[in-house]
$ cat query-v7.pdb   # PDB, C-alpha atoms
ATOM      1  CA  MET A   1      77.027 162.176  88.303
ATOM      2  CA  GLU A   2      77.443 158.841  86.571
ATOM      3  CA  ARG A   3      79.005 155.923  88.363
ATOM      4  CA  GLU A   4      80.924 153.212  86.584
ATOM      5  CA  PRO A   5      80.113 149.605  87.418
ATOM      6  CA  PRO A   6      82.683 147.903  89.631
ATOM      7  CA  ALA A   7      85.513 146.186  87.808
ATOM      8  CA  PRO A   8      85.677 142.390  87.852
ATOM      9  CA  GLN A   9      87.752 141.129  90.756
ATOM     10  CA  ALA A  10      89.389 138.032  89.308
ATOM     11  CA  ASN A  11      92.995 138.198  90.506
ATOM     12  CA  ILE A  12      92.928 140.345  93.631
ATOM     13  CA  VAL A  13      95.942 139.981  95.895
ATOM     14  CA  PRO A  14      96.124 141.136  99.515
ATOM     15  CA  PRO A  15      97.429 144.670  99.977
ATOM     16  CA  MET A  16     101.062 145.208 100.877
ATOM     17  CA  ASP A  17     101.267 145.752 104.635
ATOM     18  CA  ASP A  18     101.267 149.393 105.673
ATOM     19  CA  GLU A  19     104.826 149.456 107.008
ATOM     20  CA  ALA A  20     106.238 148.148 103.721
ATOM     21  CA  PHE A  21     103.961 150.408 101.669
ATOM     22  CA  TRP A  22     105.033 153.549 103.501
ATOM     23  CA  ARG A  23     108.709 152.493 103.288
ATOM     24  CA  ILE A  24     108.353 152.345  99.490
ATOM     25  CA  ILE A  25     106.594 155.739  99.470
ATOM     26  CA  GLY A  26     109.416 157.101 101.627
ATOM     27  CA  LEU A  27     111.868 156.318  98.806
ATOM     28  CA  LEU A  28     110.364 158.981  96.527
ATOM     29  CA  ASP A  29     113.183 161.392  95.692
ATOM     30  CA  TRP A  30     111.769 164.895  96.106
ATOM     31  CA  ASP A  31     115.162 166.387  95.180
ATOM     32  CA  GLU A  32     114.041 165.530  91.638
ATOM     33  CA  THR A  33     110.789 167.533  91.858
ATOM     34  CA  GLY A  34     109.696 168.511  88.373
ATOM     35  CA  ASP A  35     110.719 165.160  86.856
ATOM     36  CA  ASP A  36     108.122 162.639  88.036
ATOM     37  CA  ASP A  37     110.008 159.685  86.542
ATOM     38  CA  ALA A  38     113.123 160.606  88.526
ATOM     39  CA  VAL A  39     111.092 161.163  91.702
ATOM     40  CA  ILE A  40     109.551 157.690  91.543
ATOM     41  CA  GLU A  41     112.639 155.816  90.277
ATOM     42  CA  PRO A  42     114.002 154.787  93.720
ATOM     43  CA  ALA A  43     110.561 153.442  94.716
ATOM     44  CA  VAL A  44     110.190 151.636  91.380
ATOM     45  CA  ALA A  45     113.657 150.096  91.702
ATOM     46  CA  ALA A  46     113.010 148.867  95.259
ATOM     47  CA  LEU A  47     109.593 147.459  94.378
ATOM     48  CA  ALA A  48     111.035 145.713  91.300
ATOM     49  CA  THR A  49     113.249 143.583  93.574
ATOM     50  CA  MET A  50     110.155 142.114  95.216
ATOM     51  CA  PRO A  51     107.939 139.225  94.057
ATOM     52  CA  LEU A  52     105.269 140.015  91.456
ATOM     53  CA  GLU A  53     102.545 139.379  94.028
ATOM     54  CA  THR A  54     104.109 142.034  96.272
ATOM     55  CA  ILE A  55     104.146 144.521  93.397
ATOM     56  CA  ALA A  56     100.447 143.816  92.874
ATOM     57  CA  GLY A  57      99.975 144.177  96.642
ATOM     58  CA  PHE A  58     101.514 147.648  96.450
ATOM     59  CA  GLU A  59      98.955 148.577  93.773
ATOM     60  CA  GLU A  60      96.147 147.154  95.948
ATOM     61  CA  ALA A  61      97.301 149.206  98.945
ATOM     62  CA  LEU A  62      97.597 152.337  96.797
ATOM     63  CA  ALA A  63      94.120 151.810  95.323
ATOM     64  CA  ARG A  64      92.620 151.462  98.802
ATOM     65  CA  LYS A  65      94.281 154.646 100.044
ATOM     66  CA  LEU A  66      93.246 156.668  96.997
ATOM     67  CA  HIS A  67      89.723 155.235  97.245
ATOM     68  CA  ALA A  68      89.477 156.277 100.906
ATOM     69  CA  LEU A  69      90.298 159.881  99.929
ATOM     70  CA  ASP A  70      87.686 159.871  97.163
ATOM     71  CA  THR A  71      85.027 161.843  99.030
ATOM     72  CA  ARG A  72      83.019 164.971  98.369
ATOM     73  CA  ALA A  73      84.498 166.523 101.526
ATOM     74  CA  HIS A  74      88.040 165.985 100.259
ATOM     75  CA  ALA A  75      87.191 167.131  96.735
ATOM     76  CA  ARG A  76      85.950 170.462  98.129
ATOM     77  CA  GLU A  77      89.406 171.142  99.643
ATOM     78  CA  ILE A  78      91.876 170.672  96.760
ATOM     79  CA  GLY A  79      92.248 174.355  95.900
ATOM     80  CA  GLU A  80      91.344 176.255  92.754
ATOM     81  CA  ASP A  81      89.864 173.204  91.012
ATOM     82  CA  ALA A  82      87.804 172.082  94.016
ATOM     83  CA  TYR A  83      84.434 170.422  93.693
ATOM     84  CA  THR A  84      81.616 172.915  94.231
ATOM     85  CA  ASP A  85      78.446 171.103  93.208
ATOM     86  CA  GLY A  86      77.157 168.590  90.703
ATOM     87  CA  ASP A  87      76.618 171.202  87.955
ATOM     88  CA  ALA A  88      79.950 173.068  87.917
ATOM     89  CA  TYR A  89      82.934 171.706  85.975
ATOM     90  CA  PHE A  90      85.124 169.443  88.084
ATOM     91  CA  SER A  91      88.134 167.547  86.744
ATOM     92  CA  VAL A  92      88.060 163.970  87.929
ATOM     93  CA  ASP A  93      91.697 163.581  86.848
ATOM     94  CA  THR A  94      92.845 166.645  88.777
ATOM     95  CA  PHE A  95      91.200 165.261  91.917
ATOM     96  CA  LEU A  96      92.792 161.834  91.409
ATOM     97  CA  TYR A  97      96.250 163.383  90.951
ATOM     98  CA  ALA A  98      95.692 165.579  94.031
ATOM     99  CA  ARG A  99      94.878 162.446  96.055
ATOM    100  CA  CYS A 100      98.085 160.889  94.709
ATOM    101  CA  CYS A 101      99.979 163.893  96.073
ATOM    102  CA  VAL A 102      98.532 163.265  99.527
ATOM    103  CA  VAL A 103      99.674 159.626  99.504
ATOM    104  CA  ALA A 104     103.058 160.516  98.003
ATOM    105  CA  ASN A 105     103.704 162.875 100.903
ATOM    106  CA  GLY A 106     103.735 159.972 103.333
ATOM    107  CA  ARG A 107     101.804 158.356 106.095
ATOM    108  CA  ALA A 108     101.535 161.380 108.422
ATOM    109  CA  VAL A 109     100.113 163.634 105.704
ATOM    110  CA  TYR A 110      97.807 160.883 104.430
ATOM    111  CA  GLU A 111      96.399 160.120 107.885
ATOM    112  CA  LYS A 112      95.953 163.814 108.696
ATOM    113  CA  VAL A 113      94.122 164.538 105.429
ATOM    114  CA  LEU A 114      92.033 161.368 105.690
ATOM    115  CA  ALA A 115      90.847 162.467 109.144
ATOM    116  CA  ASP A 116      90.529 166.173 108.282
ATOM    117  CA  PRO A 117      89.691 167.043 104.660
ATOM    118  CA  ALA A 118      90.471 170.721 105.383
ATOM    119  CA  ALA A 119      94.149 169.680 105.727
ATOM    120  CA  PHE A 120      94.252 168.706 102.026
ATOM    121  CA  PRO A 121      97.244 170.398 100.341
ATOM    122  CA  ARG A 122      95.965 173.015  97.908
ATOM    123  CA  ASP A 123      96.696 173.036  94.183
ATOM    124  CA  LEU A 124      99.236 170.186  94.251
ATOM    125  CA  ASP A 125      99.233 166.918  92.352
ATOM    126  CA  PHE A 126     101.472 163.954  91.650
ATOM    127  CA  GLU A 127     100.216 161.781  88.809
ATOM    128  CA  GLY A 128     103.516 159.873  88.682
ATOM    129  CA  LEU A 129     102.555 157.813  91.731
ATOM    130  CA  LEU A 130     100.078 155.901  89.568
ATOM    131  CA  ASN A 131     102.973 154.466  87.537
ATOM    132  CA  VAL A 132     105.066 152.957  90.332
ATOM    133  CA  ALA A 133     103.676 149.410  90.314
ATOM    134  CA  ALA A 134     103.445 149.157  86.517
ATOM    135  CA  LEU A 135     107.019 150.356  86.052
ATOM    136  CA  ALA A 136     108.266 147.993  88.778
ATOM    137  CA  HIS A 137     106.489 145.107  87.048
ATOM    138  CA  GLU A 138     108.011 146.115  83.722
ATOM    139  CA  GLN A 139     111.483 146.496  85.254
ATOM    140  CA  LYS A 140     111.225 143.054  86.845
ATOM    141  CA  THR A 141     109.743 141.133  83.889
ATOM    142  CA  GLY A 142     110.564 143.191  80.809
ATOM    143  CA  GLU A 143     106.839 143.204  80.059
ATOM    144  CA  GLU A 144     104.261 145.885  80.746
ATOM    145  CA  PRO A 145     101.299 144.589  82.774
ATOM    146  CA  GLU A 146      97.913 144.876  81.072
ATOM    147  CA  PHE A 147      96.358 146.034  84.353
ATOM    148  CA  PHE A 148      96.287 145.269  88.045
ATOM    149  CA  ASP A 149      93.063 143.944  89.519
ATOM    150  CA  THR A 150      92.257 145.749  92.756
ATOM    151  CA  SER A 151      89.391 145.330  95.182
ATOM    152  CA  VAL A 152      88.405 148.990  94.803
ATOM    153  CA  SER A 153      88.725 151.573  92.080
ATOM    154  CA  TYR A 154      90.668 154.740  92.758
ATOM    155  CA  GLU A 155      88.855 156.623  89.997
ATOM    156  CA  THR A 156      87.002 159.718  91.148
ATOM    157  CA  PHE A 157      83.394 159.080  92.258
ATOM    158  CA  SER A 158      84.057 155.348  92.780
ATOM    159  CA  ASN A 159      83.751 155.569  96.586
ATOM    160  CA  ASP A 160      79.966 155.435  96.964
ATOM    161  CA  ALA A 161      80.192 156.127 100.698
ATOM    162  CA  GLY A 162      82.209 159.290  99.997
ATOM    163  CA  TRP A 163      79.731 160.582  97.425
ATOM    164  CA  PRO A 164      76.296 159.877  98.885
ATOM    165  CA  GLU A 165      73.329 160.815  96.759
ATOM    166  CA  ASP A 166      71.827 164.123  97.833
TER
END
$ encode --input "query-v7.pdb" --output "structure tokens"
Amino acid sequence: MEREPPAPQANIVPPMDDEAFWRIIGLLDWDETGDDDAVIEPAVAALATMPLETIAGFEEALARKLHALDTRAHAREIGEDAYTDGDAYFSVDTFLYARCCVVANGRAVYEKVLADPAAFPRDLDFEGLLNVAALAHEQKTGEEPEFFDTSVSYETFSNDAGWPED
């Protein structure tokens, strides 16, 4: 498995504190399930009222949480598309979106799954979570951000400790 070099860390901001992060996550509107943009809209709107540094801090906190779930043990528990070994097909995107689902389901689910990979919800994903900070930035400034610098990558296989060499 190939590993990408770490991204440059020029403009890293501190992560949003956990209480504020989970309050934003708690605004996701699951009554709109099936329309990711509608699900995330209340969180985007709330985040857009905050300073740009706080929006970037949300992205930093999200990246750290997704990175923490990026482990072989978690990848083996995602359901039908689970990681089996280094030779079988494994969708890095599916695993990323499955980790997003864990975070999107709130602090209790996240902490349970982080501690016990077997608790990972099977065959669920929520890619829309990756758009929250960018859409909040765009709503606040009228401009789409080029990217957010984060201290860790949330891309699959980026957590070296979670994917030790065999």
$ residues_around --input "query-v7.pdb" --residues "Glu146 (chain A)" --least-positions-apart "5" --cutoff "12 Å" --atoms "all atoms listed in the file" --output "list in words"
Ala133, Ala134, Leu135, His137 and Glu138 of chain A
$ write_last_selection --input "query-v7.pdb" --atoms "C-alpha atoms" --output "PDB file, in the coordinates of the input"
ATOM      1  CA  ALA A 133     103.676 149.410  90.314  1.00  0.00           C
ATOM      2  CA  ALA A 134     103.445 149.157  86.517  1.00  0.00           C
ATOM      3  CA  LEU A 135     107.019 150.356  86.052  1.00  0.00           C
ATOM      4  CA  HIS A 137     106.489 145.107  87.048  1.00  0.00           C
ATOM      5  CA  GLU A 138     108.011 146.115  83.722  1.00  0.00           C
TER       6      GLU A 138
END
$ resolve_selection --input "query-v7.pdb" --expression "the PyMOL selection byres ((chain A and resi 70) around 10)" --output "JSON, numbers by chain"
{"A": [64, 65, 66, 67, 68, 69, 71, 72, 73, 74, 75, 95, 96, 99, 114, 153, 154, 155, 156, 157, 158, 159, 160, 161, 162, 163]}
$ resolve_selection --input "query-v7.pdb" --expression "the PyMOL selection byres ((chain A and resi 28) around 8)" --output "PyMOL selection string"
chain A and resi 24-27+29-30+39-43+104
$ closest_atom_pairs --input "query-v7.pdb" --of "region 80-148 of chain A" --to "region 51-62 of chain A" --cutoff "9 Å" --atoms "all atoms listed in the file" --output "CSV"
residue,atom,partner,partner_atom,distance
A:Cys100,CA,A:Leu62,CA,8.8
A:Val103,CA,A:Leu62,CA,8.0
A:Leu129,CA,A:Leu62,CA,9.0
A:Leu130,CA,A:Leu62,CA,8.4
A:Val132,CA,A:Glu59,CA,8.3
A:Ala133,CA,A:Ile55,CA,5.8
A:Ala134,CA,A:Ile55,CA,8.3
A:Ala136,CA,A:Ile55,CA,7.1
A:His137,CA,A:Ile55,CA,6.8
A:Lys140,CA,A:Leu52,CA,8.1
A:Thr141,CA,A:Leu52,CA,8.9
A:Phe148,CA,A:Ala56,CA,6.5
$ write_last_selection --input "query-v7.pdb" --atoms "C-alpha atoms" --output "compact mmCIF listing (two decimals), in the frame of the given file"
# COMPACT_ATOMS: atom_id res chain seq x y z
CA CYS A 100 98.08 160.89 94.71
CA VAL A 103 99.67 159.63 99.50
CA LEU A 129 102.56 157.81 91.73
CA LEU A 130 100.08 155.90 89.57
CA VAL A 132 105.07 152.96 90.33
CA ALA A 133 103.68 149.41 90.31
CA ALA A 134 103.44 149.16 86.52
CA ALA A 136 108.27 147.99 88.78
CA HIS A 137 106.49 145.11 87.05
CA LYS A 140 111.22 143.05 86.84
CA THR A 141 109.74 141.13 83.89
CA PHE A 148 96.29 145.27 88.04
$ atom_distance --input "query-v7.pdb" --atom1 "CA of Glu111 (chain A)" --atom2 "CA of Arg76 (chain A)"
17.6 Å
$ closest_residue --input "query-v7.pdb" --among "A:Pro164, A:Pro15, A:Asp85, A:Gly128" --to "Ala63 (chain A)" --atoms "all atoms listed in the file"
A:Pro15
$ closest_residue --input "query-v7.pdb" --among "A:Ala48, A:Ala108, A:Ser151, A:Asp35" --to "Phe126 (chain A)" --atoms "all atoms listed in the file"
A:Asp35
$ atom_distance --input "query-v7.pdb" --atom1 "CA of Asp149 (chain A)" --atom2 "CA of Ile12 (chain A)"
5.5 Å
$ closest_residue --input "query-v7.pdb" --among "A:Tyr83, A:Asp125, A:Glu77, A:Ser91" --to "Gly34 (chain A)" --atoms "all atoms listed in the file"
A:Asp125
$ atom_distance --input "query-v7.pdb" --atom1 "CA of Leu124 (chain A)" --atom2 "CA of Thr33 (chain A)"
12.1 Å
$ resolve_selection --input "query-v7.pdb" --expression "the PyMOL selection byres ((chain A and resi 120) around 9)" --output "ChimeraX atom specification"
/A:74-75,77-79,98-99,102,109-110,112-114,116-119,121-122
$ closest_residue --input "query-v7.pdb" --among "A:Val44, A:Thr84, A:Phe147, A:Phe90" --to "Asn11 (chain A)" --atoms "only C-alpha atoms"
A:Phe147
$ axis_aligned_box --input "query-v7.pdb" --around "region 85-99 of chain A" --padding-each-side "4 Å" --output "JSON"
{"center_x": 86.4, "center_y": 167.5, "center_z": 91.0, "size_x": 27.6, "size_y": 19.2, "size_z": 18.1}
$ closest_residue --input "query-v7.pdb" --among "A:Met50, A:Pro145, A:Glu32, A:Tyr89" --to "Met16 (chain A)" --atoms "all atoms listed in the file"
A:Met50
$ closest_residue --input "query-v7.pdb" --among "A:Val152, A:Tyr97, A:Asp36, A:Gln139" --to "Thr49 (chain A)" --atoms "all atoms listed in the file"
A:Gln139
$ build_atoms --input "query-v7.pdb" --residues "region 128-154 of chain A" --atoms "N, CA and C atoms" --output "mmCIF file, keeping the file's coordinate frame"
data_model
loop_
_atom_site.group_PDB
_atom_site.id
_atom_site.type_symbol
_atom_site.label_atom_id
_atom_site.label_comp_id
_atom_site.auth_asym_id
_atom_site.auth_seq_id
_atom_site.Cartn_x
_atom_site.Cartn_y
_atom_site.Cartn_z
ATOM 1 N N GLY A 128 102.487 160.901 88.820
ATOM 2 C CA GLY A 128 103.516 159.873 88.682
ATOM 3 C C GLY A 128 103.361 158.697 89.622
ATOM 4 N N LEU A 129 102.724 158.904 90.770
ATOM 5 C CA LEU A 129 102.555 157.813 91.731
ATOM 6 C C LEU A 129 101.782 156.651 91.120
ATOM 7 N N LEU A 130 100.892 156.953 90.190
ATOM 8 C CA LEU A 130 100.078 155.901 89.568
ATOM 9 C C LEU A 130 100.907 154.930 88.732
ATOM 10 N N ASN A 131 102.127 155.292 88.399
ATOM 11 C CA ASN A 131 102.973 154.466 87.537
ATOM 12 C C ASN A 131 103.930 153.543 88.280
ATOM 13 N N VAL A 132 104.038 153.678 89.577
ATOM 14 C CA VAL A 132 105.066 152.957 90.332
ATOM 15 C C VAL A 132 104.956 151.441 90.146
ATOM 16 N N ALA A 133 103.805 150.868 90.391
ATOM 17 C CA ALA A 133 103.676 149.410 90.314
ATOM 18 C C ALA A 133 103.874 148.904 88.887
ATOM 19 N N ALA A 134 103.302 149.594 87.914
ATOM 20 C CA ALA A 134 103.445 149.157 86.517
ATOM 21 C C ALA A 134 104.905 149.203 86.071
ATOM 22 N N LEU A 135 105.609 150.256 86.436
ATOM 23 C CA LEU A 135 107.019 150.356 86.052
ATOM 24 C C LEU A 135 107.870 149.320 86.787
ATOM 25 N N ALA A 136 107.538 149.036 88.039
ATOM 26 C CA ALA A 136 108.266 147.993 88.778
ATOM 27 C C ALA A 136 108.040 146.639 88.124
ATOM 28 N N HIS A 137 106.807 146.362 87.740
ATOM 29 C CA HIS A 137 106.489 145.107 87.048
ATOM 30 C C HIS A 137 107.275 145.021 85.744
ATOM 31 N N GLU A 138 107.293 146.094 84.994
ATOM 32 C CA GLU A 138 108.011 146.115 83.722
ATOM 33 C C GLU A 138 109.518 145.949 83.930
ATOM 34 N N GLN A 139 110.052 146.619 84.961
ATOM 35 C CA GLN A 139 111.483 146.496 85.254
ATOM 36 C C GLN A 139 111.837 145.061 85.646
ATOM 37 N N LYS A 140 110.961 144.412 86.377
ATOM 38 C CA LYS A 140 111.225 143.054 86.845
ATOM 39 C C LYS A 140 111.083 142.023 85.724
ATOM 40 N N THR A 141 110.069 142.175 84.871
ATOM 41 C CA THR A 141 109.743 141.133 83.889
ATOM 42 C C THR A 141 110.115 141.479 82.459
ATOM 43 N N GLY A 142 110.340 142.760 82.182
ATOM 44 C CA GLY A 142 110.564 143.191 80.809
ATOM 45 C C GLY A 142 109.260 143.348 80.033
ATOM 46 N N GLU A 143 108.151 143.096 80.701
ATOM 47 C CA GLU A 143 106.839 143.204 80.059
ATOM 48 C C GLU A 143 105.960 144.173 80.840
ATOM 49 N N GLU A 144 105.191 144.965 80.119
ATOM 50 C CA GLU A 144 104.261 145.885 80.746
ATOM 51 C C GLU A 144 102.998 145.113 81.155
ATOM 52 N N PRO A 145 102.524 145.290 82.384
ATOM 53 C CA PRO A 145 101.299 144.589 82.774
ATOM 54 C C PRO A 145 100.098 145.193 82.046
ATOM 55 N N GLU A 146 99.120 144.352 81.700
ATOM 56 C CA GLU A 146 97.913 144.876 81.072
ATOM 57 C C GLU A 146 97.154 145.749 82.064
ATOM 58 N N PHE A 147 97.022 145.299 83.288
ATOM 59 C CA PHE A 147 96.358 146.034 84.353
ATOM 60 C C PHE A 147 96.551 145.258 85.644
ATOM 61 N N PHE A 148 96.307 145.935 86.747
ATOM 62 C CA PHE A 148 96.287 145.269 88.045
ATOM 63 C C PHE A 148 94.838 145.215 88.496
ATOM 64 N N ASP A 149 94.384 144.049 88.910
ATOM 65 C CA ASP A 149 93.063 143.944 89.519
ATOM 66 C C ASP A 149 93.182 144.410 90.965
ATOM 67 N N THR A 150 92.299 145.305 91.367
ATOM 68 C CA THR A 150 92.257 145.749 92.756
ATOM 69 C C THR A 150 90.835 145.609 93.274
ATOM 70 N N SER A 151 90.704 145.529 94.568
ATOM 71 C CA SER A 151 89.391 145.330 95.182
ATOM 72 C C SER A 151 88.513 146.566 95.108
ATOM 73 N N VAL A 152 89.134 147.728 94.932
ATOM 74 C CA VAL A 152 88.405 148.990 94.803
ATOM 75 C C VAL A 152 89.017 149.784 93.659
ATOM 76 N N SER A 153 88.227 150.666 93.111
ATOM 77 C CA SER A 153 88.725 151.573 92.080
ATOM 78 C C SER A 153 89.179 152.870 92.742
ATOM 79 N N TYR A 154 90.250 153.443 92.234
ATOM 80 C CA TYR A 154 90.668 154.740 92.758
ATOM 81 C C TYR A 154 90.144 155.888 91.900
#
